[in-house]
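Visitor: The structure under discussion is supplied below as structure tokens; questions concerning it will follow.
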There are 2 protein chains.
Amino acid sequence: MNIVAAPIAESPFAPAVAWMPPARTPRRRELTIGVIGPGRVGGALLEQLRAAQPRLERAMGLVLRLRGIVASRQMWLDSDDPELNARQDGAQTWRPNDLDGFAAHVRCDNARHALLVDCSASEEVASRYPGWLAAGIHVVTPNKLAGSGPLARWQAIHAACGGGNARFRQEATVCAGLPVLQTLRDLLDTGDELIDIEGMFSGTLAWLCNRHDGRQPFSALLREALALGYTEPDPRADLSGTDVARKLVILAREAGLALSLEDVLVESLVPPTLSELPLEACMERLHELDAPLAAKLAEARAGGGVLRHVGRLDRDGRTSVRLKVLPPGHAFAHTRLTDNVVQFHTARYRDNPLQVQGPGAGPAVTAAGVFADLLRIAEALEARP
Amino acid sequence: MNIVAAPIAESPFAPAVAWMPPARTPRRRELTIGVIGPGRVGGALLEQLRAAQPRLERAMGLVLRLRGIVASRQMWLDSDDPELNARQDGAQTWRPNDLDGFAAHVRCDNARHALLVDCSASEEVASRYPGWLAAGIHVVTPNKLAGSGPLARWQAIHAACGGGNARFRQEATVCAGLPVLQTLRDLLDTGDELIDIEGMFSGTLAWLCNRHDGRQPFSALLREALALGYTEPDPRADLSGTDVARKLVILAREAGLALSLEDVLVESLVPPTLSELPLEACMERLHELDAPLAAKLAEARAGGGVLRHVGRLDRDGRTSVRLKVLPPGHAFAHTRLTDNVVQFHTARYRDNPLQVQGPGAGPAVTAAGVFADLLRIAEALEARP
């Protein structure tokens with residue numbers, strides 16, 4: 001009994017008023033940020049950070065301090081001394097692009113509170129992550145190259161985070177702002193067991209499959225998608241399924257599976273006759289897509305089903321990306337035109353999966369996914385008294 | 001120039017090897033936990049915590065230390081001294097239920113790292129949250145009473161968290177383990193603007209609406225749902241819509257709206273003639289539900305639509321819970337039998353909403369929602385060097 005008597009005798013709970021602390025403002029936290037790649041997503045993020053700053057400081061005591069931006073050729077660096085900045089008109093110093101110098105500047109004297117956002121699509125930047133993380137700089141990115149690139153680099157990133165000083169987050173690499181990677185992590189961290197993850201990870205192909213009803217040839221829909229800006233400039237980048245395969249690799253690795261892009265079974269929609277052509281020549285021969293896709297559609301309809309572009313990953317690391325015939329009652333048969341949708345089948349969600357759905361592309365929602373990662377890291381910052 | 005020359009000259013990034021820290025194991029974090037209400041959800045949580053502990057310590061350096069459990073009449077308290085526990089056979093000391101004494105014991109000497117999980121459905125426990133939070137103890141709960149109870153208590157909870165020392169999380173109060181509140185918070189924290197939230201928040205009513213096709217009277221389906229354990233022992237608790245209204249209030253408050261249960265427009269499915277009867281008498285007269293529900297179904301079908309039980313909240317705090325006629329192509333028309341589904345319409349998700357769907361009830365998924373909240377708080381713990 002005595003082992004518990006003491007703390008209870010000293011209970012701070014009686015009387016209640018005695019231990020009500022004085023009202024405080026939120027404890028101040030600072031996060032120094034450097035943004036690499038101020039393109040469409042990076043630009044949207046900079047705008048979101050700027051707009052959210054007053055509210056974040058008021059509500060969470062969180063101060064996000066932008067210390068620099070790296071563009072393709074130049075970078076600008078800001079001083080960490082507000083007065084100096086004021087005197088020197090913001091002290092925005094342009095100099096030639098130098099990634100490590102940039103990281104060192106953002107890191108300044110306090111790595112625990114420094115974060116780099118990589119909004120580039122650059123291998124050169126991704127190759128720096130392990131070093132930056134090992135130096136205690138957090139890294140957040142919508143860039144798929146690290147999560148789906150060489151396994152050795154991924155393992156180096158993982159190892160660099162092992163010390164717990166720095167975090168790497170990449171929510172926006174899969175379905176942009178939709179809560180996919182965080183949901184997977186929560187399922188696994190709370191001890192659920194993954195059975196499989198299945199989804200439509202390409203808004204472009206979802207749109208094409210939704211619209212492909214036989215009234216128009218597939219190539220006509222593809223040209224329409226291109227005109228609407230739904231596809232990459234070279235639509236083969238979408239049709240090849242590689243981008244979806246990268247997302248599956250990222251999901252697999254987040255689930256602890258040592259998977260690489262080569263391990264994914266991808267059925268490209270690009271016929272061999274078109275795959276090697278220069279873009280212009282390819283565009284003139286898009287009609288070569290029509291016959292095979294019409295055949296797929298006929299096959300689906302013969303079985304009373306619908307055609308959908310599905311990526312799938314199971315607990316054993318088997319992954320596939322392909323056109324799949326689904327029953328008309330399947331959830332994937334009723335998505336909005338360009339929606340992404342992801343289903344998690346787990347031990348706890350065995351009969352009915354946990355499903356996340358919505359727009360999975362676009363600068364604003366992608367930047368928001370990056371921003372959410374940044375806030376998750378900021379939540380863990382030690383406050384400055 | 002000189003303002004940036006210095007840090008770059010002192011770059012810790014050259015040579016790379018110089019700043020590679022030695023490989024470390026994750027920094028150790030400890031979270032002391034007390035569980036109130038070891039019922040179906042509390043029991044599932046205790047099991048999940050026990051099962052996950054080895055992996056959490058290995059992967060995240062996180063040690064979850066269970067210091068006590070409060071049941072309806074008794075509580076057991078454990079020592080914080082492992083040796084002592086070992087000598088005293090776990091030192092599990094039973095004593096009469098005393099909430100504040102329990103909190104003081106769990107809090108021991110380190111409030112920052114103490115967390116109480118309330119898996120009870122007790123007003124008495126919910127009324128303690130503000131005091132516990134003000135004392136620096138984190139509170140996590142699937143109990144809707146605080147989030148949807150008196151506004152003054154909610155504001156006290158909010159104020160007690162204001163200092164940033166303690167956190168209150170209640171993800172599992174809305175759709176159990178589905179990522180609903182976290183998703184809402186991420187949308188708002190990243191600066192998105194809420195337009196409305198619409199969903200089917202009752203698996204019971206989703207099942208009833210899905211099955212209600214006119215072939216059987218509604219009361220027969222209700223008896224079937226009762227037999228399957230889908231409804232509360234008194235099915236009027238589901239039919240009244242109050243539970244859904246509580247979820248809307250919780251969502252509204254998380255979105256910063258000062259809403260109370262009285263503000264929600266709820267169309268109960270329970271006819272006045274049944275609402276006041278004792279359960280047994282009510283069960284004998286369930287057939288009185290059939291005519292009105294058949295009429296609703298006929299109305300829906302006359303317009304070519306389907307009948308669904310929908311809860312809605314808009315940015316101005318207008319909230320409603322009612323049977324709604326939806327077009328057959330609507331996402332809510334194609335959910336799996338007992339699924340919950342939540343749609344967020346925001347400035348960024350204006351045309352196509354962000355949608356989360358899946359089972360929204362059950363001990364395992366509810367406990368997992370509590371566990372995820374607990375891990376989110378643990379992520380923010382300062383490590384012990």
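In the structure tokens, the first chain shown is A, the next is B, and so on; residue numbers restart at 1 for each chain, and ligands run from 1 in the order shown.
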Applying 9 Å and only C-alpha atoms, which residues near Leu354 of chain A remain after dropping the ones on its own chain fewer than 6 positions away? List them as a PyMOL selection string.

Guide: (chain A and resi 342-346) or (chain B and resi 178+356-359)

Visitor: Now that the selection is made, can you save its residues with all heavy atoms as a CSV table (one decimal), in the first residue's frame?

Guide:
chain,number,residue,atom,x,y,z
A,342,VAL,N,-8.1,5.3,-52.4
A,342,VAL,CA,-7.2,4.3,-51.8
A,342,VAL,C,-8.0,3.5,-50.8
A,342,VAL,O,-8.6,4.1,-49.9
A,342,VAL,CB,-6.0,5.0,-51.2
A,342,VAL,CG1,-5.0,3.9,-50.7
A,342,VAL,CG2,-5.3,5.9,-52.2
A,343,GLN,N,-7.9,2.2,-50.9
A,343,GLN,CA,-8.5,1.3,-49.9
A,343,GLN,C,-7.5,0.5,-49.2
A,343,GLN,O,-6.6,-0.1,-49.8
A,343,GLN,CB,-9.4,0.3,-50.6
A,343,GLN,CG,-10.7,0.9,-51.2
A,343,GLN,CD,-11.6,-0.2,-51.7
A,343,GLN,OE1,-11.2,-1.3,-52.0
A,343,GLN,NE2,-12.9,0.2,-51.9
A,344,PHE,N,-7.6,0.6,-47.8
A,344,PHE,CA,-6.7,-0.2,-47.0
A,344,PHE,C,-7.5,-1.4,-46.4
A,344,PHE,O,-8.5,-1.2,-45.7
A,344,PHE,CB,-6.2,0.6,-45.8
A,344,PHE,CG,-5.4,1.8,-46.2
A,344,PHE,CD1,-6.0,3.0,-46.4
A,344,PHE,CD2,-4.0,1.7,-46.3
A,344,PHE,CE1,-5.3,4.2,-46.7
A,344,PHE,CE2,-3.3,2.8,-46.7
A,344,PHE,CZ,-3.9,4.1,-46.9
A,345,HIS,N,-7.1,-2.6,-46.8
A,345,HIS,CA,-7.6,-3.8,-46.2
A,345,HIS,C,-6.6,-4.3,-45.1
A,345,HIS,O,-5.4,-4.4,-45.4
A,345,HIS,CB,-7.8,-5.0,-47.2
A,345,HIS,CG,-9.0,-4.9,-48.0
A,345,HIS,ND1,-9.1,-4.4,-49.3
A,345,HIS,CD2,-10.3,-5.2,-47.6
A,345,HIS,CE1,-10.3,-4.5,-49.7
A,345,HIS,NE2,-11.1,-4.9,-48.8
A,346,THR,N,-7.1,-4.4,-43.8
A,346,THR,CA,-6.2,-4.8,-42.8
A,346,THR,C,-7.0,-5.8,-41.9
A,346,THR,O,-8.1,-6.1,-42.1
A,346,THR,CB,-5.8,-3.5,-41.9
A,346,THR,OG1,-7.0,-3.1,-41.2
A,346,THR,CG2,-5.3,-2.4,-42.7
B,178,LEU,N,-11.5,6.0,-38.1
B,178,LEU,CA,-11.3,6.7,-39.4
B,178,LEU,C,-10.7,8.1,-39.2
B,178,LEU,O,-11.0,8.8,-38.2
B,178,LEU,CB,-12.7,6.9,-40.1
B,178,LEU,CG,-13.4,5.6,-40.5
B,178,LEU,CD1,-14.7,5.9,-41.2
B,178,LEU,CD2,-12.6,4.6,-41.3
B,356,VAL,N,-13.6,10.4,-46.6
B,356,VAL,CA,-13.1,9.3,-45.8
B,356,VAL,C,-14.2,8.4,-45.5
B,356,VAL,O,-15.3,8.8,-45.2
B,356,VAL,CB,-12.5,9.8,-44.5
B,356,VAL,CG1,-12.0,8.7,-43.6
B,356,VAL,CG2,-11.3,10.8,-44.7
B,357,GLN,N,-14.0,7.1,-45.7
B,357,GLN,CA,-15.1,6.1,-45.6
B,357,GLN,C,-14.6,4.8,-45.0
B,357,GLN,O,-13.5,4.4,-45.1
B,357,GLN,CB,-15.6,5.8,-47.0
B,357,GLN,CG,-16.8,4.9,-47.1
B,357,GLN,CD,-17.3,4.7,-48.5
B,357,GLN,OE1,-17.1,5.7,-49.4
B,357,GLN,NE2,-17.9,3.6,-48.9
B,358,GLY,N,-15.5,4.1,-44.3
B,358,GLY,CA,-15.2,2.8,-43.7
B,358,GLY,C,-16.0,2.6,-42.5
B,358,GLY,O,-16.8,3.4,-42.1
B,359,PRO,N,-15.7,1.4,-41.8
B,359,PRO,CA,-16.4,1.1,-40.6
B,359,PRO,C,-16.1,2.2,-39.6
B,359,PRO,O,-15.0,2.5,-39.3
B,359,PRO,CB,-15.9,-0.3,-40.2
B,359,PRO,CG,-15.3,-0.8,-41.5
B,359,PRO,CD,-14.8,0.4,-42.3

Visitor: Pick out the residues sitting within 10 Å of segment 202-210 of chain B, and hand them over as a VMD selection string; count only C-alpha atoms, and ignore anything fewer than 6 positions along from it in its own chain.

Guide: chain B and resid 174 to 175 218 to 219 221 to 222 224 to 226 229 to 232 235 238 to 239 241 243 to 244 247 293 297 306 to 311 323 332 to 341 358 to 361

Visitor: Could you please determine the separation between atom CA of Ser120 of chain A and atom CA of Asp234 of chain A in Å, to one decimal place?

Guide: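 Answer for the atom CA of Ser120 of chain A to atom CA of Asp234 of chain A separation: 19.0 Å.
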
Visitor: From a DSSP pass on the backbone, collect the residues of segment 77-246 of chain B flagged as alpha helix (DSSP H) and hand them back as a ChimeraX atom specification.

Guide: /B:82-87,99-107,123-126,129-134,144-148,151-161,181-189,203-211,218-227,236-239,242-246

Visitor: Check the smallest atom-to-atom distance from each of A:Val325, A:Cys119, A:Ile377, A:Ala146 to Pro38 of chain A using only C-alpha atoms, then report the winner.

Guide: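 Comparing A:Val325, A:Cys119, A:Ile377, A:Ala146 against Pro38 of chain A, the winner is A:Cys119.
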
Visitor: Based on the backbone DSSP call, show me all residues of segment 124-372 of chain A assigned strand (DSSP E), as a PyMOL selection string.

Guide: chain A and resi 138-140+168-169+194-200+265-266+306-314+319-326+339-346+354-359

Visitor: With distances taken over only C-alpha atoms, which of A:Asp189, A:Glu30, A:Glu267, A:Glu262 is nearest to Met60 of chain A?

Guide: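 When distances to Met60 of chain A are compared using only C-alpha atoms, the smallest one comes from A:Glu30.
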
Visitor: Using only C-alpha atoms, pick whichever of B:Asp186, B:Val41, B:Asp314, B:Pro271 has the shortest atom-to-atom distance to Leu374 of chain A.

Guide: B:Asp186

Visitor: Using only C-alpha atoms, which of A:Ala347, A:Ala121, A:Leu286, A:Ala368 sits nearest chain B?

Guide: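 Under the stated criterion, the closest residue is A:Ala368.
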
Visitor: May I have the residues within 7 Å of Phe168 of chain B as a PDB file with N, CA, C and O atoms, in the first residue's frame, using only C-alpha atoms and disregarding those fewer than 4 positions away in the same chain?

Guide:
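Result written to selection14.pdb:
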ATOM      1  N   HIS B 138      -2.040  15.002 -20.327  1.00  0.00           N
ATOM      2  CA  HIS B 138      -2.740  14.845 -21.599  1.00  0.00           C
ATOM      3  C   HIS B 138      -3.981  13.988 -21.398  1.00  0.00           C
ATOM      4  O   HIS B 138      -3.989  13.082 -20.562  1.00  0.00           O
ATOM      5  N   VAL B 139      -5.018  14.286 -22.176  1.00  0.00           N
ATOM      6  CA  VAL B 139      -6.249  13.501 -22.109  1.00  0.00           C
ATOM      7  C   VAL B 139      -6.651  13.076 -23.517  1.00  0.00           C
ATOM      8  O   VAL B 139      -6.679  13.891 -24.439  1.00  0.00           O
ATOM      9  N   VAL B 140      -6.911  11.772 -23.670  1.00  0.00           N
ATOM     10  CA  VAL B 140      -7.383  11.217 -24.935  1.00  0.00           C
ATOM     11  C   VAL B 140      -8.642  10.424 -24.645  1.00  0.00           C
ATOM     12  O   VAL B 140      -8.697   9.703 -23.635  1.00  0.00           O
TER      13      VAL B 140
END

Visitor: So, counting only C-alpha atoms, which residue among B:Ile36, B:Leu277, B:Ala103, B:Ala298 is closest to chain A?

Guide: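 Ranking B:Ile36, B:Leu277, B:Ala103, B:Ala298 by distance to chain A, first place goes to B:Ala103.
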